[in-house]
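> Attaching a single structure in structure tokens format; questions to follow.
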Amino acid sequence: MLASGRRLAGRCRAAAPLARAASSQPVPPADPDGLSPPARRLVDLEDRHGAHNYAPLPVVLARGSGTRVWDVDGRSYYDFLSAYSAVNQGHCHPKIVGALAEQARTLTLTSRAFHNDCLGEFAEYCTDYFGYDRVLPMNTGVEGGETALKLARRWGYEVKGIEENKARVLFAQGNFWGRTLAAVSSSDDPEAYGG
């Protein structure tokens, strides 16, 4: 134990000049968002080259597992946003990752211009489970909103008998449901519909 203590003391004495030299260097000003230099570089790159349609929190995420995410500096956080509910099941769930990898090795994607060997069974399962006549799978929530608008207008014209081009759709004040033209047109937020 004494020998290891002497070795440690020797290393500390050898490191002392480095510590003193580092401390005599000018200290860069603190980042206004508290970001490390690597995180600041990534935020600045995104700011210069990415669209400004969101104002993200000053955290640069690099990986996730379950309910936790880690930033580029290794700090851990609970992910309470869950990508606006897109990852309620948690990040990198092994069963989901396995199913994605298995499907990608088999057939990555089929256009709706073709039939595939899974859609019919999936549609049957959904309609039986929910008691609906038909189902239309979608990739995003805003597609669901857009389709709901189309269905409501179609029902209004074909079932209720509304005169052509006279249908009106009402929206709640302060709504936000996406960034498509229909979604932002239904908003009363100038940042949404103002471009």
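Naming works like this for the structure tokens: A, B, ... for the chains as they're shown, residue 1 at the start of each chain, ligands 1 onward in shown order.
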Which residues are near range 33-38 of chain A? Cut-off 8 Å, only C-alpha atoms, ignore same chain within fewer than 6 positions. Put them as JSON, numbers by chain.
{"A": [58, 59, 72, 73]}
> Hey, what's within 12 Å of range 100-108 of chain A if we count only C-alpha atoms and toss same-chain stuff fewer than 6 positions away? As number ranges by chain, please?
A: 92-94, 116-118
> Find the distance between CA of Leu45 in chain A and CA of Ser82 in chain A and write it in Å to one decimal.
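According to the coordinates, CA of Leu45 in chain A and CA of Ser82 in chain A are separated by 24.0 Å.
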> Which one is closest to Gly156 in chain A: A:Val169, A:Leu42, A:Met138, A:Leu57? Count only C-alpha atoms.
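Comparing A:Val169, A:Leu42, A:Met138, A:Leu57 against Gly156 in chain A, the winner is A:Val169.
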> Rank nothing, just name the residue among A:Arg154, A:Ala99, A:Ser65, A:Cys126 nearest to Val87 in chain A, using only C-alpha atoms.
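Comparing A:Arg154, A:Ala99, A:Ser65, A:Cys126 against Val87 in chain A, the winner is A:Ser65.
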> Would you kindly return, as number ranges by chain, each protein, DNA or RNA residue with an atom no farther than 10 Å from any atom of Gly141 in chain A, considering only C-alpha atoms and excluding same-chain residues fewer than 5 positions away?
A: 85-86, 146-147, 177-178
> Name the residues of range 28-108 of chain A that come out as strand (DSSP E or B) in a backbone DSSP run; write them as number ranges by chain.
A: 61-66, 68-71, 76-78, 91
> As an exercise, work out the distance from CA of Arg134 in chain A to CA of Glu158 in chain A in Å and give it to one decimal place.
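Straight-line distance from CA of Arg134 in chain A to CA of Glu158 in chain A works out to 18.1 Å.
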> Find the spatial neighbours of Asn53 in chain A, counting only C-alpha atoms, within a cut-off of 10 Å - ignore same-chain residues fewer than 2 positions away - and output them as a PyMOL selection string.
chain A and resi 50-51+55-56+179+191-192+195
> Let's have the selection written as a compact mmCIF listing (two decimals), in the first residue's frame, with C-alpha atoms.

```txt
# COMPACT_ATOMS: atom_id res chain seq x y z
CA GLY A 50 -30.60 23.71 -40.48
CA ALA A 51 -34.07 25.20 -40.79
CA ALA A 55 -36.14 26.37 -30.68
CA PRO A 56 -34.52 23.29 -29.09
CA ARG A 179 -46.11 21.84 -39.85
CA GLU A 191 -45.01 31.94 -35.87
CA ALA A 192 -46.80 28.91 -37.33
CA GLY A 195 -43.65 31.27 -42.43
```
> So how many Å separate CA of Lys160 in chain A and CA of Ala148 in chain A, to one decimal?
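Rounded to one decimal, the two atoms are 16.2 Å apart.
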> Just asking: which residues within range 22-191 of chain A are helix (DSSP H, G or I) according to DSSP, as JSON, numbers by chain?
{"A": [22, 23, 24, 37, 38, 39, 40, 41, 42, 43, 44, 45, 46, 47, 48, 49, 82, 83, 84, 85, 94, 95, 96, 97, 98, 99, 100, 101, 102, 103, 104, 105, 106, 119, 120, 121, 122, 123, 124, 125, 126, 127, 128, 129, 130, 141, 142, 143, 144, 145, 146, 147, 148, 149, 150, 151, 152, 153, 154, 155, 156, 157, 158, 159, 160, 181, 182, 183, 184, 185, 190, 191]}
> Calculated over only C-alpha atoms, which of the candidates A:Arg75, A:Ser187, A:His52, A:Thr127 has the smallest distance to Gln173 in chain A?
A:Ser187
> Between A:Ser76, A:Thr180, A:Thr140, A:Asn175, which is the closest to Ala62 in chain A once you count only C-alpha atoms?
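Among the listed residues, the smallest separation from Ala62 in chain A belongs to A:Ser76.
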> Would you list the contacts of Pro137 in chain A as number ranges by chain, taking every protein, DNA or RNA residue within 10 Å and counting only C-alpha atoms, but skipping same-chain residues closer than 4 positions in sequence?
A: 119, 122-123, 126, 143-144
